[in-house]
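Trainee: Provided herewith: work-v5.cif, mmCIF, C-alpha atoms.
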```cif
data_input
loop_
_atom_site.label_atom_id
_atom_site.label_comp_id
_atom_site.auth_asym_id
_atom_site.auth_seq_id
_atom_site.Cartn_x
_atom_site.Cartn_y
_atom_site.Cartn_z
CA ASN A 4 -38.78 66.60 -21.36
CA ASN A 5 -35.80 65.33 -19.41
CA LYS A 6 -33.41 66.75 -22.02
CA MET A 7 -34.22 70.15 -20.54
CA ILE A 8 -32.60 69.22 -17.23
CA GLU A 9 -29.02 70.34 -16.77
CA GLU A 10 -26.81 68.78 -14.13
CA ASP A 11 -23.20 69.14 -13.00
CA GLY A 12 -22.64 72.15 -15.21
CA LYS A 13 -23.45 70.38 -18.47
CA ARG A 14 -25.54 72.39 -20.92
CA GLY A 15 -28.88 70.88 -21.76
CA TYR A 16 -29.90 70.05 -25.31
CA TRP A 17 -32.62 72.67 -25.36
CA VAL A 18 -32.95 75.64 -23.05
CA ARG A 19 -30.45 76.76 -20.46
CA GLY A 20 -31.93 76.98 -16.96
CA ASP A 21 -32.47 80.31 -15.21
CA VAL A 22 -32.31 78.80 -11.71
CA GLU A 23 -29.06 77.31 -10.43
CA PHE A 24 -29.09 75.10 -7.34
CA LEU A 25 -25.87 74.49 -5.42
CA VAL A 26 -26.41 71.06 -3.90
CA ARG A 27 -24.17 69.80 -1.14
CA GLU A 28 -22.55 66.44 -1.74
CA LYS A 29 -23.13 63.75 0.86
CA LEU A 30 -20.27 61.27 0.93
CA ASP A 31 -20.38 58.02 2.86
CA LYS A 32 -17.92 58.45 5.74
CA GLU A 33 -17.08 54.75 5.68
CA VAL A 34 -15.92 54.91 2.08
CA GLU A 35 -12.37 56.12 1.54
CA LEU A 36 -11.76 57.77 -1.80
CA LYS A 37 -7.97 57.73 -1.76
CA GLU A 38 -7.59 57.60 -5.53
CA ASP A 39 -9.75 60.68 -5.97
CA GLU A 40 -8.41 62.58 -2.98
CA GLU A 41 -6.73 65.31 -4.99
CA ARG A 42 -9.71 65.71 -7.30
CA ASP A 43 -12.06 66.03 -4.33
CA LYS A 44 -9.84 68.60 -2.66
CA LYS A 45 -9.81 70.74 -5.79
CA LYS A 46 -13.56 70.41 -6.22
CA ASN A 47 -14.29 71.26 -2.59
CA LYS A 48 -12.00 74.26 -2.76
CA ALA A 49 -13.57 75.57 -5.97
CA GLU A 50 -17.25 74.87 -5.24
CA GLY A 51 -17.48 74.19 -1.52
CA GLY A 52 -18.17 70.51 -2.21
CA ARG A 53 -21.35 71.30 -4.14
CA SER A 54 -22.74 70.29 -7.50
CA LYS A 55 -24.77 72.53 -9.77
CA VAL A 56 -28.26 71.48 -10.79
CA TYR A 57 -30.14 73.73 -13.21
CA GLY A 58 -33.86 74.28 -13.52
CA HIS A 59 -36.40 76.65 -15.04
CA ARG A 60 -38.48 79.07 -13.00
CA CYS A 61 -41.58 78.47 -15.14
CA ILE A 62 -41.48 74.72 -14.40
CA LEU A 63 -40.43 74.79 -10.75
CA ALA A 64 -42.86 77.52 -9.65
CA CYS A 65 -45.82 75.63 -11.11
CA SER A 66 -45.07 72.47 -9.15
CA SER A 67 -43.75 73.63 -5.77
CA SER A 68 -45.61 76.04 -3.48
CA LEU A 69 -42.37 76.97 -1.70
CA LEU A 70 -40.42 77.61 -4.89
CA ARG A 71 -43.33 79.63 -6.24
CA ARG A 72 -43.11 81.98 -3.26
CA ILE A 73 -39.35 82.25 -3.70
CA LEU A 74 -39.20 82.65 -7.48
CA VAL A 75 -42.47 84.49 -8.22
CA ASP A 76 -44.64 85.76 -5.37
CA GLU A 77 -41.85 87.26 -3.23
CA TYR A 78 -39.27 87.79 -5.94
CA PRO A 79 -37.34 91.03 -5.15
CA GLN A 80 -37.34 93.81 -7.70
CA ASP A 81 -33.96 95.32 -6.84
CA SER A 82 -31.25 92.93 -8.06
CA SER A 83 -28.43 95.05 -6.62
CA LEU A 84 -29.46 94.10 -3.07
CA TYR A 85 -28.97 90.39 -3.73
CA THR A 86 -25.57 89.88 -5.31
CA GLU A 87 -23.53 87.00 -3.91
CA GLN A 88 -21.07 89.41 -2.28
CA ARG A 89 -23.75 91.49 -0.53
CA VAL A 90 -25.65 88.42 0.63
CA LYS A 91 -22.57 86.82 2.20
CA GLN A 92 -21.54 90.10 3.84
CA SER A 93 -24.96 90.63 5.40
CA LYS A 94 -25.55 87.07 6.66
CA ASN A 95 -26.87 86.95 10.22
CA ASN A 96 -27.01 90.75 10.41
CA THR A 97 -30.81 91.00 10.25
CA SER A 98 -32.33 93.55 12.62
CA GLU A 99 -34.47 92.13 15.40
CA GLY A 100 -38.17 92.81 15.04
CA LYS A 101 -37.95 93.46 11.32
CA GLU A 102 -40.50 91.65 9.21
CA LEU A 103 -38.55 89.46 6.81
CA GLY A 104 -39.39 88.51 3.26
CA MET A 105 -38.73 85.01 1.94
CA TRP A 106 -35.29 85.90 0.57
CA GLU A 107 -34.23 87.53 3.85
CA LYS A 108 -35.44 84.48 5.78
CA ILE A 109 -33.39 82.17 3.58
CA ASN A 110 -30.25 84.28 3.91
CA SER A 111 -30.78 84.45 7.68
CA GLY A 112 -30.92 80.65 7.97
CA LYS A 113 -34.61 80.62 8.91
CA VAL A 114 -35.88 78.35 6.11
CA GLN A 115 -35.06 74.65 6.37
CA GLY A 116 -33.36 73.24 3.31
CA PHE A 117 -31.72 76.51 2.26
CA GLU A 118 -28.47 78.30 3.09
CA GLY A 119 -28.55 81.28 0.76
CA ILE A 120 -30.03 82.86 -2.34
CA TRP A 121 -28.77 85.56 -4.68
CA LYS A 122 -28.83 86.71 -8.28
CA LYS A 123 -26.13 86.84 -10.91
CA GLU A 124 -26.00 88.28 -14.38
CA ASN A 125 -24.63 86.47 -17.43
CA GLU A 126 -24.86 86.72 -21.20
CA GLN A 127 -28.27 85.01 -21.10
CA GLY A 128 -29.73 87.40 -18.54
CA GLU A 129 -30.46 86.96 -14.84
CA THR A 130 -29.95 83.67 -13.00
CA VAL A 131 -31.18 82.91 -9.49
CA VAL A 132 -28.64 80.95 -7.43
CA ILE A 133 -30.08 78.90 -4.56
CA GLN A 134 -27.68 77.28 -2.12
CA LEU A 135 -29.13 74.22 -0.37
CA ASP A 136 -28.07 73.20 3.13
CA GLY A 137 -27.79 69.43 2.77
CA THR A 138 -31.07 68.54 4.50
CA VAL A 139 -31.92 66.73 1.26
CA SER A 140 -29.20 64.74 -0.49
CA LYS A 141 -28.16 65.49 -4.05
CA GLU A 142 -29.65 62.16 -5.17
CA ALA A 143 -33.04 62.95 -3.63
CA PHE A 144 -33.10 66.50 -4.98
CA CYS A 145 -32.21 65.40 -8.51
CA LYS A 146 -34.88 62.70 -8.45
CA LEU A 147 -37.46 65.26 -7.33
CA VAL A 148 -36.49 67.69 -10.11
CA GLU A 149 -36.63 64.87 -12.64
CA PHE A 150 -40.13 63.94 -11.44
CA LEU A 151 -41.32 67.56 -11.72
CA TYR A 152 -40.14 67.67 -15.34
CA THR A 153 -41.01 64.21 -16.64
CA GLY A 154 -43.43 62.60 -14.20
CA PRO A 155 -42.90 59.03 -12.98
CA ARG A 156 -40.57 56.74 -14.86
CA SER A 157 -41.89 53.74 -16.74
CA ASP A 158 -39.93 51.34 -14.52
CA THR A 159 -41.08 50.73 -10.96
CA PRO A 160 -38.92 52.56 -8.38
CA ASN A 161 -37.97 50.78 -5.17
CA ASN A 162 -39.05 51.93 -1.72
CA LYS A 163 -35.75 53.74 -1.13
CA GLU A 164 -36.25 55.89 -4.22
CA LEU A 165 -39.87 56.57 -3.28
CA ASN A 166 -38.80 57.69 0.20
CA LEU A 167 -36.08 59.95 -1.23
CA VAL A 168 -38.48 61.74 -3.54
CA LYS A 169 -41.25 61.91 -0.94
CA ASP A 170 -39.00 63.49 1.71
CA ALA A 171 -37.68 66.06 -0.77
CA ALA A 172 -41.19 66.79 -2.04
CA ARG A 173 -42.48 67.36 1.50
CA LEU A 174 -39.66 69.80 2.28
CA TYR A 175 -40.18 71.82 -0.92
CA GLU A 176 -43.98 71.68 -0.63
CA CYS A 177 -44.76 69.62 -3.72
CA LYS A 178 -48.04 68.28 -2.35
CA GLY A 179 -49.05 66.45 -5.51
CA VAL A 180 -45.78 64.52 -5.55
CA VAL A 181 -46.23 63.52 -1.90
CA ARG A 182 -49.74 62.18 -2.65
CA PHE A 183 -48.44 60.30 -5.68
CA MET A 184 -45.66 58.67 -3.64
CA ASN A 185 -48.12 57.60 -0.94
CA HIS A 186 -50.19 55.81 -3.59
CA ALA A 187 -47.04 54.35 -5.13
CA PHE A 188 -46.04 52.82 -1.77
CA ARG A 189 -49.40 51.05 -1.64
CA GLU A 190 -49.22 50.16 -5.36
CA GLU A 191 -52.54 51.87 -6.03
CA GLU A 192 -52.22 52.29 -9.77
CA LYS A 193 -55.65 53.83 -10.33
CA GLU A 194 -55.03 56.48 -7.65
CA MET A 195 -51.53 57.09 -9.02
CA ARG A 196 -52.91 57.87 -12.49
CA ALA A 197 -55.63 60.11 -11.02
CA THR A 198 -53.07 62.03 -8.94
CA GLN A 199 -50.74 62.43 -11.90
CA ASN A 200 -53.55 63.80 -14.05
CA ALA A 201 -54.56 66.19 -11.27
CA MET A 202 -50.95 67.39 -11.02
CA LYS A 203 -50.88 68.07 -14.77
CA ARG A 204 -54.11 70.06 -14.59
CA LYS A 205 -52.83 72.11 -11.68
CA ALA A 206 -49.49 72.74 -13.40
CA ASN A 207 -51.28 73.92 -16.54
CA LYS A 208 -53.52 76.19 -14.47
CA ASN A 209 -50.49 77.63 -12.69
CA LEU A 210 -48.72 78.19 -16.01
CA MET A 211 -51.66 80.26 -17.20
CA LYS A 212 -51.92 82.16 -13.93
CA ILE A 213 -48.23 82.79 -13.22
CA ILE A 214 -46.37 83.18 -16.50
CA TYR A 215 -48.74 83.22 -19.50
CA ASN A 216 -47.80 86.26 -21.60
CA GLU A 217 -46.07 87.67 -18.50
CA LYS A 218 -43.29 90.11 -19.33
CA ARG A 219 -41.61 90.02 -15.94
CA PHE A 220 -40.20 86.50 -16.16
CA SER A 221 -40.19 85.86 -19.91
CA ASP A 222 -36.97 85.08 -21.78
CA VAL A 223 -38.24 85.62 -25.34
CA SER A 224 -40.48 88.22 -27.01
CA ILE A 225 -42.33 87.10 -30.14
CA PHE A 226 -43.50 89.52 -32.84
CA CYS A 227 -45.65 88.64 -35.83
CA ASN A 228 -45.03 90.21 -39.22
CA SER A 229 -48.56 91.58 -39.25
CA GLN A 230 -47.90 93.54 -36.05
CA SER A 231 -47.03 97.22 -36.16
CA LYS A 232 -43.94 98.37 -34.31
CA ASP A 233 -45.92 100.00 -31.52
CA GLN A 234 -47.86 96.83 -30.66
CA ALA A 235 -46.74 94.76 -27.67
CA PRO A 236 -45.17 91.35 -28.43
CA PHE A 237 -46.21 88.00 -26.99
CA TYR A 238 -44.02 87.24 -23.98
CA GLY A 239 -42.99 83.60 -23.87
CA HIS A 240 -40.74 81.14 -22.05
CA LYS A 241 -38.34 79.07 -24.10
CA ALA A 242 -38.53 76.04 -21.83
CA VAL A 243 -42.30 75.81 -22.27
CA LEU A 244 -42.36 76.63 -25.98
CA CYS A 245 -39.65 74.08 -26.80
CA SER A 246 -41.22 71.28 -24.77
CA GLN A 247 -44.64 71.73 -26.38
CA CYS A 248 -43.89 72.66 -30.00
CA PRO A 249 -41.35 71.05 -32.39
CA TYR A 250 -41.24 74.27 -34.42
CA PHE A 251 -39.99 76.31 -31.46
CA ALA A 252 -37.77 73.45 -30.30
CA ALA A 253 -35.96 73.58 -33.65
CA MET A 254 -35.79 77.37 -33.65
CA LEU A 255 -34.87 78.11 -30.04
CA GLY A 256 -33.09 74.96 -28.96
CA SER A 257 -30.58 74.61 -31.77
CA ARG A 258 -27.76 76.55 -33.39
CA PHE A 259 -30.08 78.86 -35.27
CA ALA A 260 -29.52 82.56 -34.64
CA GLU A 261 -32.87 82.81 -32.83
CA ALA A 262 -31.63 80.54 -30.04
CA GLU A 263 -29.46 83.34 -28.66
CA LYS A 264 -31.94 86.17 -29.25
CA LYS A 265 -34.41 87.62 -26.80
CA GLU A 266 -36.66 88.88 -29.59
CA ILE A 267 -37.82 86.92 -32.65
CA ARG A 268 -40.17 87.79 -35.49
CA LEU A 269 -42.37 85.21 -37.19
#
```
Please express what this file holds, its structure, as structure tokens.

Mentor:
Amino acid sequence: NNKMIEEDGKRGYWVRGDVEFLVREKLDKEVELKEDEERDKKKNKAEGGRSKVYGHRCILACSSSLLRRILVDEYPQDSSLYTEQRVKQSKNNTSEGKELGMWEKINSGKVQGFEGIWKKENEQGETVVIQLDGTVSKEAFCKLVEFLYTGPRSDTPNNKELNLVKDAARLYECKGVVRFMNHAFREEEKEMRATQNAMKRKANKNLMKIIYNEKRFSDVSIFCNSQSKDQAPFYGHKAVLCSQCPYFAAMLGSRFAEAEKKEIRL
């Protein structure tokens, strides 16, 4: 559901994202923003001219092969090695001949589309911060994220929008999205529906394979009253539970006490 998407620092209606993208702004050089000059200076000084776009690991990793490697397959265990301060201090200091993991490659400038990646702790737990390099514009990146969450819009996008999403999808290895956009260019509605259904099946399969009842990346533990204290809980993901079940949406995405808890009992 698109209500789960957070952009420009605004909290979403349901579940706060655990992945924060810092997206570089691309301003038209021919457009002078004299009235907003002071505002832009303050923003650039505070955030490096970047906007924040939030996502959820369990959604992104199931739709993008590249983000899956970054957020799941090659996710580092030791958080202390990847604080923002340590990452920025160690940039470009990689030893020659050393085999690099995905995070080291990103922080060494060896992965197109990325400038840096680190972790930060907050009251909600651990957040992955991914700094993008501007290869893809903010508009294109946001449209791609929206597509990954909601699928195609009901209105027909123009060729410019299709190109934006397709280019971003190719860079972040969202192969299903690229195929869908190719069919959309040719207005092949039957193939578009077939590709969309195939993407849903693959996403569901990846959800089962990557995060189903997986403790490592869960953000909520669910106990049943019939369980004894020594039995393991069911490990869930709020973003998935809220999007699929009104009961959990009301419980975890509202002002109920359970919304802020990491453990709940049914």

Trainee: Can you give me, as JSON, numbers by chain, the residues this file yields under the PyMOL selection byres ((chain A and resi 185) around 12)?

Mentor: {"A": [162, 165, 166, 168, 169, 170, 172, 173, 178, 179, 180, 181, 182, 183, 184, 186, 187, 188, 189, 190, 191, 192, 194, 195, 198]}

Trainee: Using all atoms listed in the file, determine which residues lie at most 6 Å from region 138-148 of chain A, disregarding the query and same-chain residues fewer than 2 positions distant; provide the list as a PDB file with C-alpha atoms, in the frame of the given file.

Mentor:
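Everything below was put into selection20.pdb:
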```pdb
ATOM      1  CA  VAL A  26     -26.410  71.060  -3.900  1.00  0.00           C
ATOM      2  CA  GLY A 116     -33.360  73.240   3.310  1.00  0.00           C
ATOM      3  CA  ASP A 136     -28.070  73.200   3.130  1.00  0.00           C
ATOM      4  CA  PHE A 150     -40.130  63.940 -11.440  1.00  0.00           C
ATOM      5  CA  LEU A 151     -41.320  67.560 -11.720  1.00  0.00           C
ATOM      6  CA  LEU A 167     -36.080  59.950  -1.230  1.00  0.00           C
ATOM      7  CA  VAL A 168     -38.480  61.740  -3.540  1.00  0.00           C
TER       8      VAL A 168
END
```

Trainee: Would you write out, as JSON, numbers by chain, every residue that the PyMOL selection byres ((chain A and resi 91) around 12) captures in this file?

Mentor: {"A": [84, 85, 86, 87, 88, 89, 90, 92, 93, 94, 95, 96, 107, 109, 110, 111, 112, 118, 119, 120, 121, 134]}

Trainee: Leaving out Ser66 (chain A) and any residue of its chain fewer than 5 positions from it, which residues lie within 12 Å of it when counting all atoms listed in the file, given as a ChimeraX atom specification?

Mentor: /A:59-61,71-72,74,147-154,172,175-181,199,201-210,213

Trainee: Output C-alpha atoms of each residue in that selection to a file, as a JSON list (two decimals), in the frame of the given file.

Mentor:
```json
[["chain", "number", "residue", "atom", "x", "y", "z"],
["A", 59, "HIS", "CA", -36.40, 76.65, -15.04],
["A", 60, "ARG", "CA", -38.48, 79.07, -13.00],
["A", 61, "CYS", "CA", -41.58, 78.47, -15.14],
["A", 71, "ARG", "CA", -43.33, 79.63, -6.24],
["A", 72, "ARG", "CA", -43.11, 81.98, -3.26],
["A", 74, "LEU", "CA", -39.20, 82.65, -7.48],
["A", 147, "LEU", "CA", -37.46, 65.26, -7.33],
["A", 148, "VAL", "CA", -36.49, 67.69, -10.11],
["A", 149, "GLU", "CA", -36.63, 64.87, -12.64],
["A", 150, "PHE", "CA", -40.13, 63.94, -11.44],
["A", 151, "LEU", "CA", -41.32, 67.56, -11.72],
["A", 152, "TYR", "CA", -40.14, 67.67, -15.34],
["A", 153, "THR", "CA", -41.01, 64.21, -16.64],
["A", 154, "GLY", "CA", -43.43, 62.60, -14.20],
["A", 172, "ALA", "CA", -41.19, 66.79, -2.04],
["A", 175, "TYR", "CA", -40.18, 71.82, -0.92],
["A", 176, "GLU", "CA", -43.98, 71.68, -0.63],
["A", 177, "CYS", "CA", -44.76, 69.62, -3.72],
["A", 178, "LYS", "CA", -48.04, 68.28, -2.35],
["A", 179, "GLY", "CA", -49.05, 66.45, -5.51],
["A", 180, "VAL", "CA", -45.78, 64.52, -5.55],
["A", 181, "VAL", "CA", -46.23, 63.52, -1.90],
["A", 199, "GLN", "CA", -50.74, 62.43, -11.90],
["A", 201, "ALA", "CA", -54.56, 66.19, -11.27],
["A", 202, "MET", "CA", -50.95, 67.39, -11.02],
["A", 203, "LYS", "CA", -50.88, 68.07, -14.77],
["A", 204, "ARG", "CA", -54.11, 70.06, -14.59],
["A", 205, "LYS", "CA", -52.83, 72.11, -11.68],
["A", 206, "ALA", "CA", -49.49, 72.74, -13.40],
["A", 207, "ASN", "CA", -51.28, 73.92, -16.54],
["A", 208, "LYS", "CA", -53.52, 76.19, -14.47],
["A", 209, "ASN", "CA", -50.49, 77.63, -12.69],
["A", 210, "LEU", "CA", -48.72, 78.19, -16.01],
["A", 213, "ILE", "CA", -48.23, 82.79, -13.22]]
```

Trainee: Let me make sure I understand: among A:Met105, A:Ala171, A:Val132, A:Ala253, which one has the smallest atom-to-atom distance to Val56 (chain A) if we use all atoms listed in the file?

Mentor: A:Val132

Trainee: Which polymer residues, protein or nucleic acid, are no farther than 10 Å from (-40.7, 84.9, -20.5), counting only C-alpha atoms, as a list in words?

Mentor: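 The answer, in the requested form, is Arg60, Cys61, Ile214, Tyr215, Asn216, Glu217, Lys218, Arg219, Phe220, Ser221, Asp222, Val223, Ser224, Phe237, Tyr238, Gly239, His240, Lys241, Ala242, Val243 and Lys265 of chain A.
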
Trainee: Separation of CA of Glu23 (chain A) and CA of Pro249 (chain A), in Å?

Mentor: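 Taking CA of Glu23 (chain A) as the start and CA of Pro249 (chain A) as the end point, the length is 25.9 Å.
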
Trainee: Given the file shown, enumerate the residues that the PyMOL selection byres ((chain A and resi 262) around 10) captures and present them as a list in words.

Mentor: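 Applying the expression gives Trp17, Val18, Val223, Lys241, Phe251, Ala252, Ala253, Met254, Leu255, Gly256, Ser257, Arg258, Phe259, Ala260, Glu261, Glu263, Lys264, Lys265, Glu266 and Ile267 of chain A.
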
Trainee: Can you measure CA of Glu164 (chain A) to CA of Ile133 (chain A) for me? One decimal in Å is fine.

Mentor: 23.8 Å

Trainee: Name the closest residue to Leu269 (chain A) among the candidates A:Cys227, A:Asn125, A:Gln247, A:Ala235; distances are taken between atoms, counting all atoms listed in the file.

Mentor: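 With all atoms listed in the file as the atom set, the closest residue is A:Cys227.
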